[in-house]
Amino acid sequence: MNVFSSEPVSAALIERAGAALAAESARFASRGWMPGTAGNLSVTLARDPLRLAVTASGLDKGELTSSDIVIVDEDGAGVIGEGGSEQRPSAEAGLHARIAAKAGAGAAIHVHALAAVTAAHVWPGGVVLRDLEMLKGIGHSAHGQDVVIPVVDNSQDMVALGDAFEAVYRPASPNSRDVPALIVAGHGIYAWGADLREARWHLEIIEGLLQIALATRR
Ligand SMILES: CSCCC(=O)C(=O)COP(=O)(O)O
Ligand SMILES: [Zn+2]
């Protein structure tokens, strides 16, 4: 369950969301997955209307404080008067909002991790993973099933990027879970989950799977 969208949006909730985003961001920055000002994170605060707390743009993601978040709407545009910072929201807030809306994500994390970018370069049509134990970590079978991590072209236009995401995203069905990640070619990876902890697990698992795919490619 997303701990943030289960209660009314208040100053205390926004403060807690900011602290959680700053802590996760520091974790990924220390792993080298957010060099410089790269990367951004969000949590979904409310669904009707859609509201996300997203990291502010252009900051060192290893040095965020609980105040460095902006409340955005379904287009990723900053919302004035509902709390949070009045800094510029992440340039990629629009894609976070599309992922929250389409995939029902409670949290999303975007990093510039090496294996994701390399794998998209090697397999621009999508990265096929199969017969790997860690697939269980994203809800898929460890045996006998292809799991495709989709790849889309990079763009500075978040509407175009959101449309590209929706074109490749396959929602869960009675027979299969969805794939909670998207690689943006030449750029980085987004992973999401019901909450920040699950999004982190998905991201770490998928980056690990991509490292194995690259190391074992023939
Ligand atoms: C220096 S990285 C270029 C921008 C980017 O890809 C990124 O992830 C950070 O953008 P933001 O606006 O969220 O700081
Ligand atoms: Zn980026």
# chains A, B, ... in the order shown; residues from 1 in each chain; ligands from 1
$ residues_around --residues "Ala22 (chain A)" --least-positions-apart "6" --cutoff "7 Å" --atoms "only C-alpha atoms" --output "PyMOL selection string"
chain A and resi 64-66
$ select_by_dssp --residues "region 50-122 of chain A" --states "helix (DSSP H, G or I)" --output "list in words"
Ala93, Gly94, Leu95, His96, Ala97, Arg98, Ile99, Ala100, Ala101, Lys102, Ala103, Leu114, Ala115, Ala116, Val117, Thr118, Ala119, Ala120, His121 and Val122 of chain A
$ write_last_selection --atoms "N, CA and C atoms" --output "tab-separated table (two decimals), in the first residue's frame"
chain	number	residue	atom	x	y	z
A	93	ALA	N	8.93	15.50	-14.51
A	93	ALA	CA	7.74	15.28	-13.67
A	93	ALA	C	6.56	14.77	-14.50
A	94	GLY	N	6.47	15.23	-15.76
A	94	GLY	CA	5.36	14.80	-16.61
A	94	GLY	C	5.33	13.30	-16.84
A	95	LEU	N	6.51	12.70	-16.96
A	95	LEU	CA	6.55	11.24	-17.16
A	95	LEU	C	6.20	10.53	-15.85
A	96	HIS	N	6.67	11.06	-14.72
A	96	HIS	CA	6.28	10.47	-13.42
A	96	HIS	C	4.75	10.45	-13.30
A	97	ALA	N	4.11	11.57	-13.72
A	97	ALA	CA	2.65	11.64	-13.59
A	97	ALA	C	1.97	10.62	-14.49
A	98	ARG	N	2.50	10.43	-15.69
A	98	ARG	CA	1.90	9.44	-16.61
A	98	ARG	C	2.06	8.03	-16.05
A	99	ILE	N	3.21	7.76	-15.41
A	99	ILE	CA	3.44	6.43	-14.83
A	99	ILE	C	2.49	6.21	-13.64
A	100	ALA	N	2.31	7.27	-12.85
A	100	ALA	CA	1.37	7.14	-11.71
A	100	ALA	C	-0.04	6.88	-12.21
A	101	ALA	N	-0.43	7.59	-13.27
A	101	ALA	CA	-1.81	7.47	-13.79
A	101	ALA	C	-2.03	6.13	-14.48
A	102	LYS	N	-1.11	5.75	-15.35
A	102	LYS	CA	-1.33	4.56	-16.20
A	102	LYS	C	-1.03	3.26	-15.45
A	103	ALA	N	0.08	3.24	-14.72
A	103	ALA	CA	0.49	2.00	-14.06
A	103	ALA	C	0.02	1.94	-12.61
A	114	LEU	N	24.22	2.60	-15.24
A	114	LEU	CA	25.00	2.21	-16.42
A	114	LEU	C	24.42	1.02	-17.17
A	115	ALA	N	24.03	-0.03	-16.45
A	115	ALA	CA	23.56	-1.23	-17.16
A	115	ALA	C	22.30	-0.94	-17.96
A	116	ALA	N	21.41	-0.12	-17.42
A	116	ALA	CA	20.16	0.19	-18.13
A	116	ALA	C	20.46	0.90	-19.46
A	117	VAL	N	21.32	1.89	-19.41
A	117	VAL	CA	21.62	2.65	-20.62
A	117	VAL	C	22.39	1.76	-21.62
A	118	THR	N	23.31	0.96	-21.11
A	118	THR	CA	24.08	0.07	-21.99
A	118	THR	C	23.17	-0.98	-22.63
A	119	ALA	N	22.28	-1.57	-21.83
A	119	ALA	CA	21.39	-2.61	-22.36
A	119	ALA	C	20.48	-2.05	-23.46
A	120	ALA	N	19.99	-0.82	-23.26
A	120	ALA	CA	19.14	-0.21	-24.29
A	120	ALA	C	19.92	0.04	-25.58
A	121	HIS	N	21.21	0.33	-25.43
A	121	HIS	CA	22.06	0.52	-26.61
A	121	HIS	C	22.23	-0.81	-27.37
A	122	VAL	N	22.38	-1.89	-26.61
A	122	VAL	CA	22.59	-3.20	-27.23
A	122	VAL	C	21.28	-3.76	-27.80
$ residues_near_ligand --ligand "ligand 1" --cutoff "9 Å" --atoms "only C-alpha atoms and all ligand atoms" --output "list of chain:residue names"
A:Met34, A:Pro35, A:Gly36, A:Thr37, A:Ala38, A:Gly39, A:Asn40, A:Leu41, A:Val54, A:Thr55, A:Ala56, A:Ser57, A:Gly58, A:Leu59, A:Asp60, A:Lys61, A:Arg88, A:Pro89, A:Ser90, A:Ala91, A:Glu92, A:Ala93, A:His110, A:Val111, A:His112, A:His187, A:Gly188
$ residues_around --residues "Thr44 (chain A)" --least-positions-apart "6" --cutoff "7 Å" --atoms "only C-alpha atoms" --output "ChimeraX atom specification"
/A:4-5,51-53,100,106-107
$ write_last_selection --atoms "C-alpha atoms" --output "mmCIF file, in the first residue's frame"
data_model
loop_
_atom_site.group_PDB
_atom_site.id
_atom_site.type_symbol
_atom_site.label_atom_id
_atom_site.label_comp_id
_atom_site.auth_asym_id
_atom_site.auth_seq_id
_atom_site.Cartn_x
_atom_site.Cartn_y
_atom_site.Cartn_z
ATOM 1 C CA PHE A 4 1.250 8.578 1.234
ATOM 2 C CA SER A 5 -2.031 8.384 -0.727
ATOM 3 C CA ARG A 51 -1.126 14.921 -7.116
ATOM 4 C CA LEU A 52 2.505 13.846 -6.868
ATOM 5 C CA ALA A 53 5.355 15.042 -4.706
ATOM 6 C CA ALA A 100 1.374 7.140 -11.711
ATOM 7 C CA GLY A 106 2.575 4.852 -5.686
ATOM 8 C CA ALA A 107 6.200 5.861 -6.221
#
$ residues_around --residues "Pro171 (chain A)" --least-positions-apart "5" --cutoff "12 Å" --atoms "only C-alpha atoms" --output "list in words"
Ile99, Ala101, Lys102, Ala103, Gly104, Ala105, Phe165, Glu166, Ser176, Arg177, Asp178, Val179, Pro180 and Ala181 of chain A
$ write_last_selection --atoms "C-alpha atoms" --output "tab-separated table (two decimals), in the first residue's frame"
chain	number	residue	atom	x	y	z
A	99	ILE	CA	3.44	6.43	-14.83
A	101	ALA	CA	-1.81	7.47	-13.79
A	102	LYS	CA	-1.33	4.56	-16.20
A	103	ALA	CA	0.49	2.00	-14.06
A	104	GLY	CA	-1.06	3.03	-10.73
A	105	ALA	CA	2.40	3.63	-9.27
A	165	PHE	CA	5.52	4.87	-22.36
A	166	GLU	CA	1.79	4.22	-22.78
A	176	SER	CA	0.91	-12.07	-15.82
A	177	ARG	CA	2.11	-9.15	-13.75
A	178	ASP	CA	3.15	-5.95	-15.46
A	179	VAL	CA	6.79	-4.97	-15.91
A	180	PRO	CA	7.41	-2.08	-13.48
A	181	ALA	CA	10.15	-0.35	-15.45
$ residues_around --residues "Gly62 (chain A)" --least-positions-apart "6" --cutoff "8 Å" --atoms "only C-alpha atoms" --output "ChimeraX atom specification"
/A:22,25-30,34
$ residues_around --residues "Gly144 (chain A)" --least-positions-apart "6" --cutoff "12 Å" --atoms "only C-alpha atoms" --output "PyMOL selection string"
chain A and resi 129-133+135
$ residues_around --residues "Val184 (chain A)" --least-positions-apart "5" --cutoff "7 Å" --atoms "only C-alpha atoms" --output "list in words"
Val151, Val152, Asp153, Asn154 and Ile189 of chain A
$ atom_distance --atom1 "CA of Arg47 (chain A)" --atom2 "CA of Ala17 (chain A)"
15.5 Å
$ select_by_dssp --residues "region 14-204 of chain A" --states "strand (DSSP E)" --output "ChimeraX atom specification"
/A:40-47,50-55,69-72,107-111,127-129,147-149,151-152,181-184,188-193
$ write_last_selection --atoms "C-alpha atoms" --output "mmCIF file, in the first residue's frame"
data_model
loop_
_atom_site.group_PDB
_atom_site.id
_atom_site.type_symbol
_atom_site.label_atom_id
_atom_site.label_comp_id
_atom_site.auth_asym_id
_atom_site.auth_seq_id
_atom_site.Cartn_x
_atom_site.Cartn_y
_atom_site.Cartn_z
ATOM 1 C CA ASN A 40 14.455 12.281 -9.895
ATOM 2 C CA LEU A 41 11.842 10.617 -7.706
ATOM 3 C CA SER A 42 8.160 10.932 -6.921
ATOM 4 C CA VAL A 43 5.461 9.641 -4.626
ATOM 5 C CA THR A 44 1.760 9.763 -5.382
ATOM 6 C CA LEU A 45 -0.091 11.813 -2.775
ATOM 7 C CA ALA A 46 -3.639 11.770 -4.163
ATOM 8 C CA ARG A 47 -5.474 10.301 -7.153
ATOM 9 C CA LEU A 50 -3.814 13.343 -9.288
ATOM 10 C CA ARG A 51 -1.126 14.921 -7.116
ATOM 11 C CA LEU A 52 2.505 13.846 -6.868
ATOM 12 C CA ALA A 53 5.355 15.042 -4.706
ATOM 13 C CA VAL A 54 8.340 15.164 -7.078
ATOM 14 C CA THR A 55 11.917 16.226 -6.492
ATOM 15 C CA ILE A 69 9.897 18.641 -3.320
ATOM 16 C CA VAL A 70 7.228 20.210 -5.500
ATOM 17 C CA ILE A 71 3.547 19.230 -5.735
ATOM 18 C CA VAL A 72 2.584 18.554 -9.359
ATOM 19 C CA ALA A 107 6.200 5.861 -6.221
ATOM 20 C CA ALA A 108 8.645 6.090 -9.128
ATOM 21 C CA ILE A 109 12.420 6.409 -9.221
ATOM 22 C CA HIS A 110 14.483 7.564 -12.199
ATOM 23 C CA VAL A 111 18.258 7.039 -12.279
ATOM 24 C CA VAL A 127 15.637 -6.120 -23.303
ATOM 25 C CA VAL A 128 14.477 -9.750 -23.110
ATOM 26 C CA LEU A 129 15.190 -11.443 -19.792
ATOM 27 C CA VAL A 147 10.112 -10.788 -19.665
ATOM 28 C CA VAL A 148 10.731 -7.677 -21.775
ATOM 29 C CA ILE A 149 11.978 -4.427 -20.277
ATOM 30 C CA VAL A 151 12.931 0.747 -24.353
ATOM 31 C CA VAL A 152 11.694 4.063 -25.773
ATOM 32 C CA ALA A 181 10.146 -0.350 -15.454
ATOM 33 C CA LEU A 182 10.914 1.635 -18.592
ATOM 34 C CA ILE A 183 14.317 2.346 -20.127
ATOM 35 C CA VAL A 184 14.750 5.642 -21.971
ATOM 36 C CA GLY A 188 18.274 6.198 -17.939
ATOM 37 C CA ILE A 189 15.659 3.998 -16.341
ATOM 38 C CA TYR A 190 12.370 4.513 -14.490
ATOM 39 C CA ALA A 191 11.122 1.899 -12.033
ATOM 40 C CA TRP A 192 8.018 2.062 -9.918
ATOM 41 C CA GLY A 193 6.018 0.233 -7.296
#
$ atom_distance --atom1 "CA of Asp157 (chain A)" --atom2 "CA of Ala185 (chain A)"
14.2 Å
